[in-house]
$ cat query-v8.tsv   # TSV, C-alpha atoms
chain	number	residue	atom	x	y	z
M	165	MET	CA	169.01	107.34	36.79
M	166	SER	CA	167.88	109.69	34.09
M	167	HIS	CA	166.06	112.44	35.94
M	168	GLY	CA	164.87	115.19	33.69
M	169	GLY	CA	166.33	115.26	30.22
M	170	ALA	CA	163.97	115.20	27.25
M	171	LEU	CA	163.73	112.08	25.09
M	172	PHE	CA	162.36	113.83	22.03
M	173	GLU	CA	160.41	116.96	21.24
M	174	VAL	CA	156.82	117.40	20.21
M	175	ALA	CA	155.96	120.89	18.94
M	176	GLY	CA	158.73	122.47	21.00
M	177	PHE	CA	157.89	120.65	24.24
M	178	GLY	CA	160.44	118.17	25.55
M	179	VAL	CA	158.92	114.75	26.31
M	180	THR	CA	160.59	113.11	29.31
M	181	SER	CA	160.73	109.47	30.38
M	182	ALA	CA	158.27	110.15	33.20
M	183	MET	CA	155.73	111.51	30.70
M	184	THR	CA	155.86	108.43	28.47
M	185	THR	CA	155.58	106.11	31.49
M	186	SER	CA	152.72	108.20	32.85
M	187	LEU	CA	150.89	107.91	29.53
M	188	ALA	CA	151.48	104.15	29.46
M	189	ILE	CA	150.13	103.79	33.01
M	190	SER	CA	147.03	105.83	32.18
M	191	LEU	CA	146.42	103.68	29.09
M	192	ILE	CA	146.91	100.44	31.05
M	193	ILE	CA	144.53	101.47	33.87
M	194	GLY	CA	141.99	102.83	31.41
M	195	GLY	CA	142.23	99.75	29.21
M	196	VAL	CA	141.82	97.30	32.09
M	197	VAL	CA	138.89	99.18	33.57
M	198	ILE	CA	137.11	99.65	30.25
M	199	ALA	CA	137.70	96.01	29.28
M	200	GLY	CA	136.43	94.92	32.68
M	201	SER	CA	133.29	97.02	32.58
M	202	ARG	CA	132.15	95.56	29.25
M	203	ASN	CA	129.28	93.08	29.34
M	204	LEU	CA	128.34	93.74	32.96
M	205	THR	CA	125.94	91.12	34.29
M	206	GLU	CA	123.97	91.06	37.49
M	207	GLY	CA	123.45	87.42	38.22
M	208	LYS	CA	126.77	85.68	37.81
M	209	PRO	CA	129.64	88.11	37.18
M	210	GLY	CA	132.77	86.92	35.42
M	211	LYS	CA	136.25	86.91	36.94
M	212	MET	CA	137.17	90.33	35.57
M	213	GLN	CA	133.96	91.97	36.77
M	214	ASN	CA	134.37	90.37	40.19
M	215	ALA	CA	137.92	91.65	40.57
M	216	ILE	CA	137.05	95.18	39.50
M	217	GLU	CA	133.96	95.27	41.69
M	218	MET	CA	136.05	94.16	44.65
M	219	VAL	CA	138.64	96.92	44.11
M	220	PHE	CA	136.02	99.61	43.60
M	221	GLY	CA	133.86	98.41	46.46
M	222	SER	CA	136.70	98.36	48.96
M	223	LEU	CA	137.95	101.78	47.83
M	224	ARG	CA	134.47	103.30	48.14
M	225	ASP	CA	133.95	101.75	51.56
M	226	PHE	CA	137.31	103.08	52.69
M	227	TYR	CA	136.51	106.65	51.63
M	228	ALA	CA	132.99	106.29	53.03
M	229	SER	CA	134.56	105.66	56.44
M	230	ILE	CA	136.06	109.16	56.24
M	231	LEU	CA	133.59	111.14	54.13
M	232	GLY	CA	130.34	109.42	55.01
M	233	LYS	CA	128.29	107.47	52.53
M	234	GLU	CA	126.66	110.34	50.65
M	235	ARG	CA	129.81	112.37	49.95
M	236	ALA	CA	131.80	109.19	49.26
M	237	ASN	CA	129.56	108.59	46.24
M	238	ALA	CA	130.52	112.04	44.94
M	239	PHE	CA	134.24	111.97	45.71
M	240	ALA	CA	135.22	108.28	45.66
M	241	PRO	CA	135.65	108.22	41.84
M	242	ILE	CA	138.30	110.95	41.80
M	243	LEU	CA	140.04	109.68	44.94
M	244	GLY	CA	139.97	106.10	43.68
M	245	THR	CA	141.43	107.17	40.35
M	246	LEU	CA	144.23	109.01	42.15
M	247	PHE	CA	144.83	105.91	44.27
M	248	LEU	CA	145.03	103.57	41.27
M	249	TYR	CA	147.31	105.91	39.32
M	250	ILE	CA	149.66	106.44	42.27
M	251	ILE	CA	149.89	102.78	43.25
M	252	VAL	CA	150.54	101.56	39.68
M	253	SER	CA	153.08	104.33	39.22
M	254	ASN	CA	154.83	103.46	42.51
M	255	TYR	CA	154.98	99.79	41.61
M	256	SER	CA	156.27	100.55	38.11
M	257	GLY	CA	159.54	101.57	39.82
M	258	LEU	CA	160.04	97.94	40.88
M	259	LEU	CA	160.07	96.54	37.36
M	260	PRO	CA	163.45	95.75	35.80
M	261	PHE	CA	165.20	98.66	34.04
M	262	ALA	CA	162.94	101.26	35.66
M	263	GLY	CA	164.85	104.52	35.76
M	264	THR	CA	167.68	103.26	33.55
M	265	ALA	CA	165.96	102.38	30.27
M	266	PRO	CA	165.03	105.43	28.19
M	267	GLY	CA	161.31	106.20	28.29
M	268	PHE	CA	160.67	104.24	31.47
M	269	GLN	CA	160.73	105.97	34.84
M	270	PRO	CA	158.15	105.96	37.66
M	271	PRO	CA	156.25	109.26	37.28
M	272	THR	CA	155.61	109.71	41.01
M	273	GLY	CA	159.39	110.01	41.47
M	274	MET	CA	159.20	113.39	39.70
M	275	LEU	CA	158.23	116.50	41.65
M	276	GLY	CA	156.25	117.93	38.75
M	277	VAL	CA	153.92	114.92	38.60
M	278	THR	CA	153.23	114.86	42.33
M	279	ILE	CA	152.57	118.61	42.37
M	280	GLY	CA	150.06	118.04	39.57
M	281	LEU	CA	148.34	115.29	41.56
M	282	ALA	CA	148.26	117.50	44.66
M	283	LEU	CA	146.74	120.34	42.61
M	284	VAL	CA	143.89	118.00	41.64
M	285	THR	CA	143.23	117.50	45.35
M	286	PHE	CA	143.54	121.24	46.00
M	287	PHE	CA	140.95	122.22	43.39
M	288	THR	CA	138.64	119.36	44.33
M	289	THR	CA	138.75	120.56	47.93
M	290	GLN	CA	138.08	124.22	47.15
M	291	ILE	CA	135.39	123.61	44.53
M	292	GLY	CA	133.78	120.96	46.74
M	293	GLY	CA	133.75	123.43	49.62
M	294	PHE	CA	131.92	126.07	47.56
M	295	LYS	CA	129.55	123.50	46.08
M	296	TYR	CA	128.48	122.02	49.41
M	297	ASN	CA	128.53	125.11	51.64
M	298	GLY	CA	128.10	127.96	49.15
M	299	LEU	CA	129.55	131.25	50.32
M	300	HIS	CA	129.47	129.98	53.91
M	301	TYR	CA	132.61	128.11	52.92
M	302	LEU	CA	134.51	131.40	53.12
M	303	GLY	CA	133.40	131.62	56.75
M	304	HIS	CA	135.64	128.78	57.74
M	305	PHE	CA	138.68	130.92	56.95
M	306	VAL	CA	137.80	133.29	59.82
M	307	LYS	CA	136.86	130.67	62.38
M	308	PRO	CA	137.33	130.59	65.33
M	309	VAL	CA	138.66	134.18	65.20
M	310	ALA	CA	139.28	136.56	62.29
M	311	PRO	CA	143.02	137.24	62.94
M	312	LEU	CA	143.73	133.61	62.03
M	313	LEU	CA	142.87	134.37	58.37
M	314	PRO	CA	146.47	134.49	57.02
M	315	LEU	CA	147.40	131.31	58.84
M	316	LEU	CA	144.33	129.44	57.58
M	317	LEU	CA	144.94	130.65	54.02
M	318	LEU	CA	148.56	129.51	54.33
M	319	GLU	CA	147.36	126.13	55.55
M	320	GLU	CA	145.35	125.61	52.36
M	321	ILE	CA	148.52	126.12	50.31
M	322	ILE	CA	150.72	124.00	52.60
M	323	HIS	CA	148.35	121.01	52.36
M	324	PRO	CA	149.00	120.27	48.66
M	325	LEU	CA	152.67	121.19	49.06
M	326	SER	CA	153.21	118.65	51.83
M	327	LEU	CA	151.14	116.06	49.92
M	328	SER	CA	153.33	116.39	46.83
M	329	LEU	CA	156.63	116.54	48.74
M	330	ARG	CA	155.75	113.45	50.80
M	331	LEU	CA	154.95	111.34	47.75
M	332	TYR	CA	157.86	112.64	45.69
M	333	GLY	CA	160.36	112.28	48.53
M	334	ASN	CA	159.29	108.75	49.33
M	335	ILE	CA	159.41	107.44	45.78
M	336	TYR	CA	162.52	109.36	44.77
M	337	GLY	CA	164.29	108.33	47.97
M	338	GLU	CA	163.28	104.72	47.47
M	339	GLU	CA	164.50	104.80	43.88
M	340	THR	CA	167.84	106.26	44.97
M	341	VAL	CA	168.29	103.73	47.78
M	342	LEU	CA	167.43	100.86	45.44
M	343	HIS	CA	169.91	102.18	42.88
M	344	GLN	CA	172.69	102.55	45.46
M	345	VAL	CA	172.09	99.14	47.06
M	346	SER	CA	172.03	97.31	43.74
M	347	GLY	CA	175.27	99.06	42.85
M	348	LEU	CA	176.81	97.98	46.17
M	349	ILE	CA	175.53	94.38	46.48
M	350	PRO	CA	173.88	93.36	43.19
M	351	LEU	CA	172.76	89.90	44.39
M	352	GLY	CA	170.06	89.39	46.99
M	353	ALA	CA	170.16	92.70	48.85
M	354	PRO	CA	167.88	94.67	46.46
M	355	ILE	CA	165.11	92.14	47.11
M	356	ILE	CA	164.82	93.34	50.73
M	357	ILE	CA	164.49	96.94	49.60
M	358	MET	CA	161.95	95.90	46.94
M	359	GLY	CA	159.90	94.09	49.58
M	360	LEU	CA	159.82	97.27	51.64
M	361	SER	CA	158.98	99.25	48.51
M	362	LEU	CA	155.92	97.05	47.93
M	363	LEU	CA	154.66	98.01	51.37
M	364	PHE	CA	155.58	101.70	51.14
M	365	GLY	CA	154.18	102.10	47.63
M	366	PHE	CA	150.80	100.94	48.88
M	367	ILE	CA	150.95	103.02	52.09
M	368	GLN	CA	151.93	106.18	50.20
M	369	ALA	CA	149.05	105.78	47.75
M	370	LEU	CA	146.71	105.15	50.69
M	371	VAL	CA	148.02	108.10	52.70
M	372	PHE	CA	147.85	110.50	49.75
M	373	THR	CA	144.19	109.74	49.09
M	374	MET	CA	143.34	109.43	52.79
M	375	LEU	CA	144.70	112.91	53.50
M	376	SER	CA	142.90	114.21	50.40
M	377	ALA	CA	139.68	112.70	51.71
M	378	ILE	CA	140.24	114.32	55.11
M	379	TYR	CA	140.84	117.75	53.53
M	380	ILE	CA	137.72	117.33	51.39
M	381	GLU	CA	135.76	116.23	54.45
M	382	ALA	CA	136.88	119.34	56.34
M	383	ALA	CA	135.92	121.63	53.44
M	384	THR	CA	132.56	120.09	52.54
M	385	GLY	CA	131.36	119.28	56.05
M	386	SER	CA	128.89	121.67	57.65
M	387	GLY	CA	130.03	121.07	61.22
M	388	HIS	CA	132.49	123.95	61.54
T	293	MET	CA	187.90	120.47	52.87
T	294	VAL	CA	184.71	122.17	51.73
T	295	ASN	CA	183.48	118.90	50.23
T	296	GLY	CA	183.97	117.20	53.60
T	297	VAL	CA	181.92	119.87	55.34
T	298	ILE	CA	179.16	119.50	52.75
T	299	ALA	CA	179.11	115.73	53.23
T	300	CYS	CA	178.90	116.14	57.02
T	301	ALA	CA	176.07	118.66	56.63
T	302	ALA	CA	174.08	116.22	54.46
T	303	ALA	CA	174.71	113.38	56.91
T	304	PHE	CA	173.65	115.53	59.85
T	305	ALA	CA	170.49	116.69	58.07
T	306	ILE	CA	169.24	113.17	57.42
T	307	ALA	CA	170.44	111.85	60.80
T	308	ALA	CA	168.69	114.53	62.83
T	309	SER	CA	165.51	114.30	60.78
T	310	THR	CA	165.46	110.51	61.18
T	311	VAL	CA	166.11	110.21	64.92
T	312	PHE	CA	163.32	112.38	66.25
T	313	PRO	CA	160.46	111.28	63.97
T	314	ALA	CA	161.60	107.69	64.64
T	315	LEU	CA	161.19	108.24	68.40
T	316	SER	CA	157.76	109.75	67.81
T	317	GLN	CA	156.74	106.92	65.50
T	318	GLY	CA	157.74	104.49	68.23
T	319	LYS	CA	155.44	106.32	70.62
T	320	VAL	CA	152.58	106.27	68.11
T	321	GLY	CA	153.07	102.55	67.48
T	322	ALA	CA	153.24	101.75	71.18
T	323	ALA	CA	150.09	103.72	71.92
T	324	ALA	CA	148.25	102.05	69.04
T	325	MET	CA	149.30	98.58	70.24
T	326	GLU	CA	148.10	99.41	73.73
T	327	SER	CA	144.75	100.64	72.45
T	328	ILE	CA	144.28	97.57	70.27
T	329	ALA	CA	145.13	95.29	73.20
T	330	ARG	CA	142.61	97.12	75.35
T	331	GLN	CA	139.90	97.24	72.69
T	332	PRO	CA	140.53	94.66	69.96
T	333	GLU	CA	137.19	95.32	68.25
T	334	ALA	CA	138.33	98.87	67.33
T	335	ALA	CA	141.54	97.61	65.67
T	336	GLY	CA	140.54	98.79	62.17
T	337	LYS	CA	139.83	102.37	63.20
T	338	ILE	CA	142.95	102.57	65.36
T	339	GLN	CA	145.06	101.23	62.51
T	340	THR	CA	143.79	103.90	60.13
T	341	ALA	CA	144.53	106.66	62.63
T	342	MET	CA	147.94	105.17	63.35
T	343	ILE	CA	148.92	105.04	59.66
T	344	LEU	CA	147.81	108.65	59.28
T	345	ALA	CA	149.89	109.82	62.26
T	346	MET	CA	152.88	107.83	61.04
T	347	ALA	CA	152.60	109.32	57.56
T	348	LEU	CA	152.56	112.84	58.96
T	349	LEU	CA	155.67	112.06	61.00
T	350	GLU	CA	157.35	110.39	58.08
T	351	ALA	CA	156.89	113.53	56.03
T	352	LEU	CA	159.37	115.25	58.37
T	353	THR	CA	162.00	112.62	57.61
T	354	ILE	CA	161.32	112.99	53.92
T	355	TYR	CA	161.87	116.75	54.13
T	356	GLY	CA	165.22	116.02	55.76
T	357	LEU	CA	166.05	113.51	53.03
T	358	LEU	CA	165.23	116.06	50.32
T	359	ILE	CA	167.41	118.66	52.04
T	360	ALA	CA	170.24	116.09	52.23
T	361	PHE	CA	169.90	115.37	48.50
T	362	MET	CA	169.90	119.09	47.78
T	363	ILE	CA	173.06	119.58	49.87
T	364	ILE	CA	174.75	116.64	48.11
T	365	GLY	CA	173.79	118.28	44.82
T	366	LYS	CA	176.08	121.19	45.78
T	367	PHE	CA	179.15	119.03	45.18
$ encode --input "query-v8.tsv" --output "structure tokens"
Amino acid sequence: MSHGGALFEVAGFGVTSAMTTSLAISLIIGGVVIAGSRNLTEGKPGKMQNAIEMVFGSLRDFYASILGKERANAFAPILGTLFLYIIVSNYSGLLPFAGTAPGFQPPTGMLGVTIGLALVTFFTTQIGGFKYNGLHYLGHFVKPVAPLLPLLLLEEIIHPLSLSLRLYGNIYGEETVLHQVSGLIPLGAPIIIMGLSLLFGFIQALVFTMLSAIYIEAATGSGH
Amino acid sequence: MVNGVIACAAAFAIAASTVFPALSQGKVGAAAMESIARQPEAAGKIQTAMILAMALLEALTIYGLLIAFMIIGKF
């Protein structure tokens, strides 16, 4: 596996395999969604529109079950985008030559990428809290009693940290296990691990956005 | 000699951080099954809560795994 290590340099910045893969994933998701949202019709949608509507509808309903319908309309786009990016990135690790070919490595197996994703959640949570509750949002740092302030502040920092470590650890660990097993028994055995990876890739994407939704719910809700 | 100790430390880190979350995950799963059997119409909600609890427990194992990788990196 080629973790770290720049492929080439652009204006002094090293470009790693994870960055190129990340860019490719963004372009693929963006391309599919843009292509699918062309020529939207109401009466009899085409196959592409149907598929995309199904994905978006089920994602929005899922977040609505946590955030409530009104806030889901505001936050489902960002959470859904995170979900799509994470799941495609997780599954990209199952393609042949992932991690060995130069320029191709699942981005969520890099700590830097997952910290970036968790920071998106962090800022969405804080800004959402101020937007929905105004300055009353600060009040929830001293509830139920004021001496808890340092602990509650610490909690806000630990949330994104644990989010990023969970995703990174899972994908990196999976990648390592897959690598080791295919080195040990090249025929047959990796398929079992890949089957598990299909399940875990989905669950990790779901858990990341579900926890994000729960943090956002806690920050934007008025019931505290 | 030192390498052997490092290897044992890595093995112990991942072993200890697997055993106890695994026991807890078993408890979570058992409780969820029981609740679903008692109230099958709430299966969806219980499943969501169960996955959440399992993910939080799994994070502990992952921390252990990361520590083990870090220890192995000391070779």
$ closest_residue --input "query-v8.tsv" --among "M:Thr245, M:Glu234, M:Phe239, M:Thr180" --to "Val219 of chain M" --atoms "all atoms listed in the file"
M:Thr245
$ closest_residue --input "query-v8.tsv" --among "M:Phe294, M:Tyr301, M:Tyr227, M:Phe268" --to "chain T" --atoms "all atoms listed in the file"
M:Tyr227
$ residues_around --input "query-v8.tsv" --residues "segment 196-205 of chain M" --least-positions-apart "5" --cutoff "7 Å" --atoms "all atoms listed in the file" --output "number ranges by chain"
M: 212-213, 216
$ residues_near_point --input "query-v8.tsv" --point "(159.3, 113.2, 41.8)" --cutoff "6 Å" --atoms "only C-alpha atoms" --output "PDB file with C-alpha atoms, keeping the file's coordinate frame"
ATOM      1  CA  THR M 272     155.610 109.710  41.010  1.00  0.00           C
ATOM      2  CA  GLY M 273     159.390 110.010  41.470  1.00  0.00           C
ATOM      3  CA  MET M 274     159.200 113.390  39.700  1.00  0.00           C
ATOM      4  CA  LEU M 275     158.230 116.500  41.650  1.00  0.00           C
ATOM      5  CA  TYR M 332     157.860 112.640  45.690  1.00  0.00           C
ATOM      6  CA  TYR M 336     162.520 109.360  44.770  1.00  0.00           C
TER       7      TYR M 336
END
$ residues_around --input "query-v8.tsv" --residues "Met358 of chain M" --least-positions-apart "6" --cutoff "9 Å" --atoms "only C-alpha atoms" --output "list in words"
Leu258, Glu338 and Leu342 of chain M
$ write_last_selection --input "query-v8.tsv" --atoms "C-alpha atoms" --output "PDB file, in the frame of the given file"
ATOM      1  CA  LEU M 258     160.040  97.940  40.880  1.00  0.00           C
ATOM      2  CA  GLU M 338     163.280 104.720  47.470  1.00  0.00           C
ATOM      3  CA  LEU M 342     167.430 100.860  45.440  1.00  0.00           C
TER       4      LEU M 342
END
$ build_atoms --input "query-v8.tsv" --residues "segment 361-385 of chain M" --atoms "N, CA, C and O atoms" --output "tab-separated table (two decimals), in the coordinates of the input"
chain	number	residue	atom	x	y	z
M	361	SER	N	159.60	98.33	49.47
M	361	SER	CA	158.98	99.25	48.51
M	361	SER	C	157.55	98.85	48.21
M	361	SER	O	156.69	99.71	48.01
M	362	LEU	N	157.29	97.52	48.16
M	362	LEU	CA	155.92	97.05	47.93
M	362	LEU	C	154.99	97.60	49.00
M	362	LEU	O	153.90	98.08	48.72
M	363	LEU	N	155.46	97.53	50.25
M	363	LEU	CA	154.66	98.01	51.37
M	363	LEU	C	154.50	99.52	51.31
M	363	LEU	O	153.38	100.05	51.39
M	364	PHE	N	155.63	100.24	51.10
M	364	PHE	CA	155.58	101.70	51.14
M	364	PHE	C	154.81	102.27	49.96
M	364	PHE	O	154.13	103.28	50.11
M	365	GLY	N	154.93	101.62	48.79
M	365	GLY	CA	154.18	102.10	47.63
M	365	GLY	C	152.70	102.10	47.90
M	365	GLY	O	151.98	103.05	47.56
M	366	PHE	N	152.22	101.04	48.54
M	366	PHE	CA	150.80	100.94	48.88
M	366	PHE	C	150.44	101.99	49.93
M	366	PHE	O	149.45	102.71	49.79
M	367	ILE	N	151.28	102.09	50.99
M	367	ILE	CA	150.95	103.02	52.09
M	367	ILE	C	150.95	104.45	51.59
M	367	ILE	O	150.09	105.25	51.97
M	368	GLN	N	151.90	104.80	50.69
M	368	GLN	CA	151.93	106.18	50.20
M	368	GLN	C	150.69	106.50	49.38
M	368	GLN	O	150.13	107.59	49.51
M	369	ALA	N	150.26	105.55	48.53
M	369	ALA	CA	149.05	105.78	47.75
M	369	ALA	C	147.86	105.94	48.69
M	369	ALA	O	147.00	106.82	48.51
M	370	LEU	N	147.81	105.10	49.72
M	370	LEU	CA	146.71	105.15	50.69
M	370	LEU	C	146.72	106.47	51.44
M	370	LEU	O	145.68	107.13	51.57
M	371	VAL	N	147.93	106.88	51.89
M	371	VAL	CA	148.02	108.10	52.70
M	371	VAL	C	147.67	109.33	51.87
M	371	VAL	O	146.96	110.21	52.34
M	372	PHE	N	148.15	109.35	50.62
M	372	PHE	CA	147.85	110.50	49.75
M	372	PHE	C	146.34	110.69	49.62
M	372	PHE	O	145.82	111.79	49.82
M	373	THR	N	145.63	109.60	49.31
M	373	THR	CA	144.19	109.74	49.09
M	373	THR	C	143.45	109.90	50.42
M	373	THR	O	142.42	110.56	50.47
M	374	MET	N	144.00	109.28	51.48
M	374	MET	CA	143.34	109.43	52.79
M	374	MET	C	143.40	110.88	53.24
M	374	MET	O	142.38	111.44	53.69
M	375	LEU	N	144.58	111.50	53.11
M	375	LEU	CA	144.70	112.91	53.50
M	375	LEU	C	143.83	113.78	52.61
M	375	LEU	O	143.18	114.72	53.08
M	376	SER	N	143.78	113.45	51.30
M	376	SER	CA	142.90	114.21	50.40
M	376	SER	C	141.47	114.11	50.88
M	376	SER	O	140.75	115.12	50.93
M	377	ALA	N	141.05	112.90	51.25
M	377	ALA	CA	139.68	112.70	51.71
M	377	ALA	C	139.42	113.51	52.98
M	377	ALA	O	138.34	114.09	53.15
M	378	ILE	N	140.42	113.57	53.85
M	378	ILE	CA	140.24	114.32	55.11
M	378	ILE	C	140.12	115.82	54.82
M	378	ILE	O	139.29	116.51	55.41
M	379	TYR	N	140.94	116.32	53.88
M	379	TYR	CA	140.84	117.75	53.53
M	379	TYR	C	139.47	118.04	52.92
M	379	TYR	O	138.86	119.07	53.23
M	380	ILE	N	139.02	117.12	52.04
M	380	ILE	CA	137.72	117.33	51.39
M	380	ILE	C	136.61	117.28	52.44
M	380	ILE	O	135.68	118.09	52.43
M	381	GLU	N	136.76	116.35	53.38
M	381	GLU	CA	135.76	116.23	54.45
M	381	GLU	C	135.67	117.53	55.23
M	381	GLU	O	134.58	118.04	55.53
M	382	ALA	N	136.86	118.10	55.55
M	382	ALA	CA	136.88	119.34	56.34
M	382	ALA	C	136.23	120.48	55.57
M	382	ALA	O	135.57	121.34	56.15
M	383	ALA	N	136.43	120.50	54.23
M	383	ALA	CA	135.92	121.63	53.44
M	383	ALA	C	134.43	121.48	53.17
M	383	ALA	O	133.71	122.48	53.15
M	384	THR	N	133.96	120.25	52.93
M	384	THR	CA	132.56	120.09	52.54
M	384	THR	C	131.64	119.88	53.73
M	384	THR	O	130.43	120.03	53.60
M	385	GLY	N	132.21	119.52	54.88
M	385	GLY	CA	131.36	119.28	56.05
M	385	GLY	C	130.72	120.59	56.52
M	385	GLY	O	131.24	121.66	56.29
